[in-house]
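Note: the block below is target-v4.txt and it holds compact mmCIF, N, CA and C atoms and all ligand atoms.
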```
# COMPACT_ATOMS: atom_id res chain seq x y z
N MET A 501 -65.71 27.13 -184.15
CA MET A 501 -64.25 27.05 -184.02
C MET A 501 -63.91 26.16 -182.81
N PRO A 502 -63.12 25.12 -183.01
CA PRO A 502 -62.81 24.23 -181.88
C PRO A 502 -61.93 24.92 -180.84
N ASN A 503 -61.96 24.38 -179.65
CA ASN A 503 -61.15 24.93 -178.57
C ASN A 503 -59.67 24.79 -178.91
N GLN A 504 -58.96 25.88 -178.72
CA GLN A 504 -57.53 25.88 -179.00
C GLN A 504 -56.81 26.43 -177.78
N ALA A 505 -55.77 25.75 -177.35
CA ALA A 505 -55.05 26.19 -176.15
C ALA A 505 -54.58 27.62 -176.31
N GLY A 506 -54.79 28.42 -175.30
CA GLY A 506 -54.36 29.80 -175.32
C GLY A 506 -55.45 30.77 -175.76
N ARG A 507 -56.53 30.23 -176.32
CA ARG A 507 -57.61 31.09 -176.79
C ARG A 507 -58.49 31.50 -175.61
N ARG A 508 -58.96 32.72 -175.63
CA ARG A 508 -59.84 33.20 -174.58
C ARG A 508 -61.27 33.12 -175.04
N VAL A 509 -62.12 32.67 -174.17
CA VAL A 509 -63.54 32.64 -174.48
C VAL A 509 -64.27 33.53 -173.48
N ARG A 510 -65.16 34.34 -174.00
CA ARG A 510 -65.85 35.28 -173.15
C ARG A 510 -67.34 35.21 -173.40
N CYS A 511 -68.09 35.30 -172.31
CA CYS A 511 -69.54 35.27 -172.44
C CYS A 511 -70.04 36.71 -172.50
N ARG A 512 -70.79 36.99 -173.53
CA ARG A 512 -71.32 38.35 -173.68
C ARG A 512 -72.44 38.63 -172.70
N THR A 513 -73.05 37.59 -172.21
CA THR A 513 -74.19 37.76 -171.32
C THR A 513 -73.77 38.00 -169.88
N CYS A 514 -72.93 37.10 -169.35
CA CYS A 514 -72.59 37.22 -167.92
C CYS A 514 -71.18 37.78 -167.73
N ASN A 515 -70.48 38.06 -168.83
CA ASN A 515 -69.18 38.72 -168.77
C ASN A 515 -68.06 37.83 -168.24
N SER A 516 -68.32 36.56 -168.06
CA SER A 516 -67.27 35.66 -167.59
C SER A 516 -66.24 35.48 -168.70
N GLU A 517 -65.03 35.15 -168.29
CA GLU A 517 -63.98 34.95 -169.27
C GLU A 517 -63.09 33.80 -168.81
N ALA A 518 -62.72 32.96 -169.75
CA ALA A 518 -61.86 31.83 -169.42
C ALA A 518 -60.80 31.69 -170.50
N ILE A 519 -59.68 31.10 -170.13
CA ILE A 519 -58.63 30.85 -171.09
C ILE A 519 -58.46 29.35 -171.22
N ILE A 520 -58.39 28.88 -172.44
CA ILE A 520 -58.28 27.44 -172.67
C ILE A 520 -56.84 27.01 -172.42
N THR A 521 -56.68 26.09 -171.49
CA THR A 521 -55.32 25.64 -171.14
C THR A 521 -54.97 24.36 -171.87
N LYS A 522 -56.01 23.66 -172.34
CA LYS A 522 -55.77 22.44 -173.11
C LYS A 522 -56.84 22.35 -174.17
N GLY A 523 -56.41 22.24 -175.41
CA GLY A 523 -57.34 22.26 -176.52
C GLY A 523 -58.15 20.99 -176.64
N GLY A 524 -59.23 21.08 -177.39
CA GLY A 524 -60.10 19.93 -177.63
C GLY A 524 -60.92 20.17 -178.87
N THR A 525 -61.72 19.19 -179.21
CA THR A 525 -62.50 19.29 -180.44
C THR A 525 -63.82 20.02 -180.24
N GLY A 526 -64.21 20.23 -178.99
CA GLY A 526 -65.48 20.90 -178.72
C GLY A 526 -65.37 22.40 -178.79
N GLU A 527 -66.42 23.07 -178.37
CA GLU A 527 -66.41 24.53 -178.35
C GLU A 527 -67.08 24.99 -177.06
N ILE A 528 -66.34 25.78 -176.30
CA ILE A 528 -66.87 26.23 -175.01
C ILE A 528 -67.87 27.36 -175.21
N THR A 529 -68.98 27.22 -174.53
CA THR A 529 -69.95 28.31 -174.47
C THR A 529 -70.30 28.50 -172.99
N CYS A 530 -71.23 29.41 -172.75
CA CYS A 530 -71.63 29.65 -171.37
C CYS A 530 -73.08 29.25 -171.18
N SER A 531 -73.36 28.70 -170.01
CA SER A 531 -74.72 28.23 -169.76
C SER A 531 -75.72 29.39 -169.72
N ASP A 532 -75.23 30.59 -169.41
CA ASP A 532 -76.09 31.77 -169.27
C ASP A 532 -77.11 31.63 -168.17
N VAL A 533 -76.95 30.61 -167.35
CA VAL A 533 -77.84 30.40 -166.22
C VAL A 533 -76.99 30.42 -164.96
N ALA A 534 -77.48 31.08 -163.94
CA ALA A 534 -76.71 31.16 -162.71
C ALA A 534 -76.38 29.78 -162.19
N ALA A 535 -75.10 29.54 -162.01
CA ALA A 535 -74.65 28.22 -161.58
C ALA A 535 -74.23 28.27 -160.12
N ASP A 536 -74.26 27.11 -159.50
CA ASP A 536 -73.83 27.00 -158.11
C ASP A 536 -72.86 25.83 -158.00
N PRO A 537 -71.58 26.05 -157.77
CA PRO A 537 -70.97 27.36 -157.53
C PRO A 537 -70.77 28.11 -158.85
N PRO A 538 -70.75 29.44 -158.79
CA PRO A 538 -70.51 30.22 -160.01
C PRO A 538 -69.06 30.11 -160.45
N MET A 539 -68.80 30.59 -161.66
CA MET A 539 -67.43 30.60 -162.16
C MET A 539 -66.62 31.59 -161.33
N LEU A 540 -65.57 31.11 -160.74
CA LEU A 540 -64.72 31.97 -159.95
C LEU A 540 -63.32 31.99 -160.54
N VAL A 541 -62.65 33.11 -160.42
CA VAL A 541 -61.30 33.25 -160.96
C VAL A 541 -60.39 32.20 -160.34
N GLY A 542 -59.66 31.51 -161.19
CA GLY A 542 -58.71 30.51 -160.72
C GLY A 542 -59.26 29.10 -160.77
N LYS A 543 -60.58 28.97 -160.97
CA LYS A 543 -61.17 27.63 -161.07
C LYS A 543 -60.84 27.04 -162.43
N ARG A 544 -60.67 25.73 -162.43
CA ARG A 544 -60.39 25.03 -163.67
C ARG A 544 -61.55 24.11 -164.00
N TYR A 545 -61.89 24.09 -165.27
CA TYR A 545 -62.98 23.23 -165.72
C TYR A 545 -62.46 22.30 -166.80
N ARG A 546 -63.09 21.12 -166.86
CA ARG A 546 -62.66 20.11 -167.81
C ARG A 546 -63.88 19.53 -168.51
N CYS A 547 -63.72 19.28 -169.80
CA CYS A 547 -64.78 18.62 -170.55
C CYS A 547 -64.48 17.13 -170.60
N GLU A 548 -65.41 16.33 -170.12
CA GLU A 548 -65.20 14.88 -170.09
C GLU A 548 -65.24 14.28 -171.49
N ALA A 549 -65.89 14.99 -172.39
CA ALA A 549 -66.06 14.44 -173.74
C ALA A 549 -64.84 14.67 -174.62
N CYS A 550 -64.30 15.88 -174.62
CA CYS A 550 -63.20 16.17 -175.55
C CYS A 550 -61.92 16.56 -174.83
N ALA A 551 -61.93 16.51 -173.50
CA ALA A 551 -60.73 16.74 -172.68
C ALA A 551 -60.22 18.18 -172.69
N THR A 552 -61.05 19.09 -173.16
CA THR A 552 -60.67 20.51 -173.09
C THR A 552 -60.57 20.94 -171.63
N GLU A 553 -59.57 21.76 -171.34
CA GLU A 553 -59.46 22.32 -170.00
C GLU A 553 -59.40 23.83 -170.10
N ALA A 554 -60.08 24.49 -169.16
CA ALA A 554 -60.13 25.94 -169.19
C ALA A 554 -59.94 26.51 -167.80
N LEU A 555 -59.30 27.66 -167.75
CA LEU A 555 -59.05 28.35 -166.48
C LEU A 555 -59.83 29.66 -166.49
N VAL A 556 -60.62 29.87 -165.46
CA VAL A 556 -61.44 31.07 -165.38
C VAL A 556 -60.57 32.26 -165.01
N ILE A 557 -60.67 33.32 -165.81
CA ILE A 557 -59.88 34.51 -165.51
C ILE A 557 -60.76 35.71 -165.18
N ARG A 558 -62.07 35.55 -165.38
CA ARG A 558 -62.98 36.62 -164.96
C ARG A 558 -64.26 35.99 -164.44
N VAL A 559 -64.68 36.45 -163.31
CA VAL A 559 -65.84 35.85 -162.66
C VAL A 559 -67.11 36.04 -163.47
N GLY A 560 -67.97 35.06 -163.40
CA GLY A 560 -69.24 35.14 -164.12
C GLY A 560 -70.31 34.35 -163.39
N LEU A 561 -71.54 34.56 -163.78
CA LEU A 561 -72.64 33.89 -163.10
C LEU A 561 -72.89 32.49 -163.62
N GLY A 562 -72.61 32.30 -164.89
CA GLY A 562 -72.92 31.01 -165.50
C GLY A 562 -71.84 29.99 -165.27
N GLU A 563 -71.95 28.89 -165.98
CA GLU A 563 -70.90 27.89 -165.94
C GLU A 563 -70.58 27.49 -167.38
N PRO A 564 -69.32 27.11 -167.61
CA PRO A 564 -68.93 26.77 -168.97
C PRO A 564 -69.54 25.46 -169.44
N VAL A 565 -69.95 25.47 -170.69
CA VAL A 565 -70.56 24.29 -171.30
C VAL A 565 -69.72 23.91 -172.51
N CYS A 566 -69.46 22.62 -172.66
CA CYS A 566 -68.71 22.14 -173.81
C CYS A 566 -69.31 20.81 -174.24
N CYS A 567 -69.34 20.56 -175.53
CA CYS A 567 -69.89 19.31 -176.05
C CYS A 567 -71.29 19.05 -175.49
N ASP A 568 -72.09 20.10 -175.41
CA ASP A 568 -73.49 20.02 -174.96
C ASP A 568 -73.66 19.59 -173.51
N ALA A 569 -72.60 19.70 -172.73
CA ALA A 569 -72.72 19.32 -171.32
C ALA A 569 -71.94 20.30 -170.46
N PRO A 570 -72.41 20.56 -169.25
CA PRO A 570 -71.65 21.44 -168.35
C PRO A 570 -70.27 20.84 -168.10
N MET A 571 -69.28 21.68 -168.07
CA MET A 571 -67.92 21.19 -167.83
C MET A 571 -67.75 20.83 -166.36
N THR A 572 -66.85 19.91 -166.12
CA THR A 572 -66.62 19.44 -164.75
C THR A 572 -65.61 20.34 -164.06
N LEU A 573 -65.92 20.70 -162.84
CA LEU A 573 -64.99 21.51 -162.06
C LEU A 573 -63.85 20.62 -161.59
N SER A 574 -62.63 20.98 -161.99
CA SER A 574 -61.47 20.18 -161.60
C SER A 574 -61.07 20.54 -160.18
N LYS A 575 -60.91 19.54 -159.38
CA LYS A 575 -60.45 19.79 -158.02
C LYS A 575 -58.93 19.81 -158.01
N PRO A 576 -58.36 20.68 -157.19
CA PRO A 576 -56.90 20.70 -157.10
C PRO A 576 -56.38 19.34 -156.65
N LYS A 577 -55.28 18.97 -157.23
CA LYS A 577 -54.72 17.66 -156.89
C LYS A 577 -54.26 17.64 -155.44
N GLU A 578 -54.69 16.60 -154.76
CA GLU A 578 -54.30 16.47 -153.35
C GLU A 578 -53.12 15.52 -153.25
N THR A 579 -52.22 15.89 -152.41
CA THR A 579 -51.09 15.01 -152.18
C THR A 579 -51.51 13.93 -151.19
N LYS A 580 -51.14 12.74 -151.51
CA LYS A 580 -51.50 11.62 -150.64
C LYS A 580 -50.79 11.74 -149.31
N SER A 581 -51.58 11.70 -148.27
CA SER A 581 -50.98 11.77 -146.95
C SER A 581 -50.74 10.36 -146.40
N ALA A 582 -49.55 10.13 -145.97
CA ALA A 582 -49.24 8.83 -145.39
C ALA A 582 -49.75 8.76 -143.97
N ASP A 583 -50.30 7.67 -143.64
CA ASP A 583 -50.87 7.52 -142.29
C ASP A 583 -49.79 7.54 -141.21
ZN ZN B 601 -65.81 19.38 -175.10
```

Turn the structure described in the file into structure tokens.
Ligand SMILES: [Zn+2]
Amino acid sequence: MPNQAGRRVRCRTCNSEAIITKGGTGEITCSDVAADPPMLVGKRYRCEACATEALVIRVGLGEPVCCDAPMTLSKPKETKSAD
């Protein structure tokens, strides 16, 4: 089932849970391997391949995987500071 905005994905192994904020053609799974940094509540992940975005709502040990690759941790947008 492809990623659909608003759908929750949960890992049965590490108990992490994320909500898809932007849909894509891929399917999010969990790496099931302890990641560094681990999935933390409030972190956003993005798939470079299908542009899916997910927000972590429950902490877990693994990291989200989509389109056969670990998802990229989105950094909060920084406001440009004028010199
Ligand atoms: Zn993807």

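Of the listed residues A:Ala554, A:Cys530, A:Cys547, A:Leu561, the one whose atoms come nearest to ligand ZN 601 (chain B) is A:Cys547, with distances taken using only C-alpha atoms and all ligand atoms.
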
Within 6 Å of ligand ZN 601 (chain B): each chain A residue with its shortest pair, all atoms listed in the file, as CSV:
```
residue,atom,partner,partner_atom,distance
A:Thr525,C,B:ZN601,ZN,5.5
A:Gly526,CA,B:ZN601,ZN,3.9
A:Glu527,N,B:ZN601,ZN,5.0
A:Cys547,CA,B:ZN601,ZN,4.7
A:Glu548,N,B:ZN601,ZN,5.9
A:Ala549,C,B:ZN601,ZN,4.8
A:Cys550,N,B:ZN601,ZN,3.8
A:Ala551,N,B:ZN601,ZN,5.1
A:Thr552,N,B:ZN601,ZN,5.1
A:Cys566,C,B:ZN601,ZN,3.9
A:Cys567,N,B:ZN601,ZN,3.7
```

Nearest to A:Met539 among A:Lys580, A:Arg512, A:Lys575, A:Arg558, with distances taken over only C-alpha atoms: which residue is it?
->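 Of A:Lys580, A:Arg512, A:Lys575, A:Arg558, the one nearest A:Met539 is A:Arg558, counting only C-alpha atoms.
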
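Closest approach to A:Ile528 from the set A:Pro570, A:Pro564, A:Arg508, A:Leu555 is made by A:Pro564, with distances taken over only C-alpha atoms.
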
At what distance in Å, to one decimal, does atom CA of A:Ser574 lie from atom N of A:Gly562?
->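 We find that atom N of A:Gly562 and atom CA of A:Ser574 lie 16.8 Å from each other.
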
Nearest residue to A:Tyr545 from the set A:Thr579, A:Asn515, A:Met571, A:Val509 (distances using all atoms listed in the file) =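 Closest residue, counting all atoms listed in the file: A:Met571.
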
Out of chain A, which residues get strand (DSSP E or B) from DSSP, as a ChimeraX atom specification?
-> /A:508-510,517-522,529-530,539,544-546,553-558,560,564-566,569-570,572-574

Between atom N of A:Thr529 and atom N of A:Cys514 - distance in Å to one decimal | 11.8 Å

Coordinates-based distance that separates atom CA of A:Arg546 from atom CA of A:Ala534 (Å, one decimal) |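 Separating atom CA of A:Ala534 from atom CA of A:Arg546 is a distance of 18.6 Å.
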
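Residues in contact with A:Pro537 at up to 12 Å, not including ones fewer than 4 positions away on its chain and judged by only C-alpha atoms, are Val533, Val541, Lys543, Val559, Gly560, Leu561, Gly562, Glu563, Pro564, Thr572 and Leu573 of chain A.
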
Using only N, CA and C atoms, which residue out of A:Ile557, A:Val565, A:Leu540, A:Ile520 lies closest to A:Gln504?
->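 For A:Gln504, the nearest of the given residues is A:Ile520.
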
Point out the residue among A:Asp568, A:Ala535, A:Arg544, A:Ala582 with the least atom-to-atom distance to A:Ala518, counting only C-alpha atoms.
-> A:Arg544
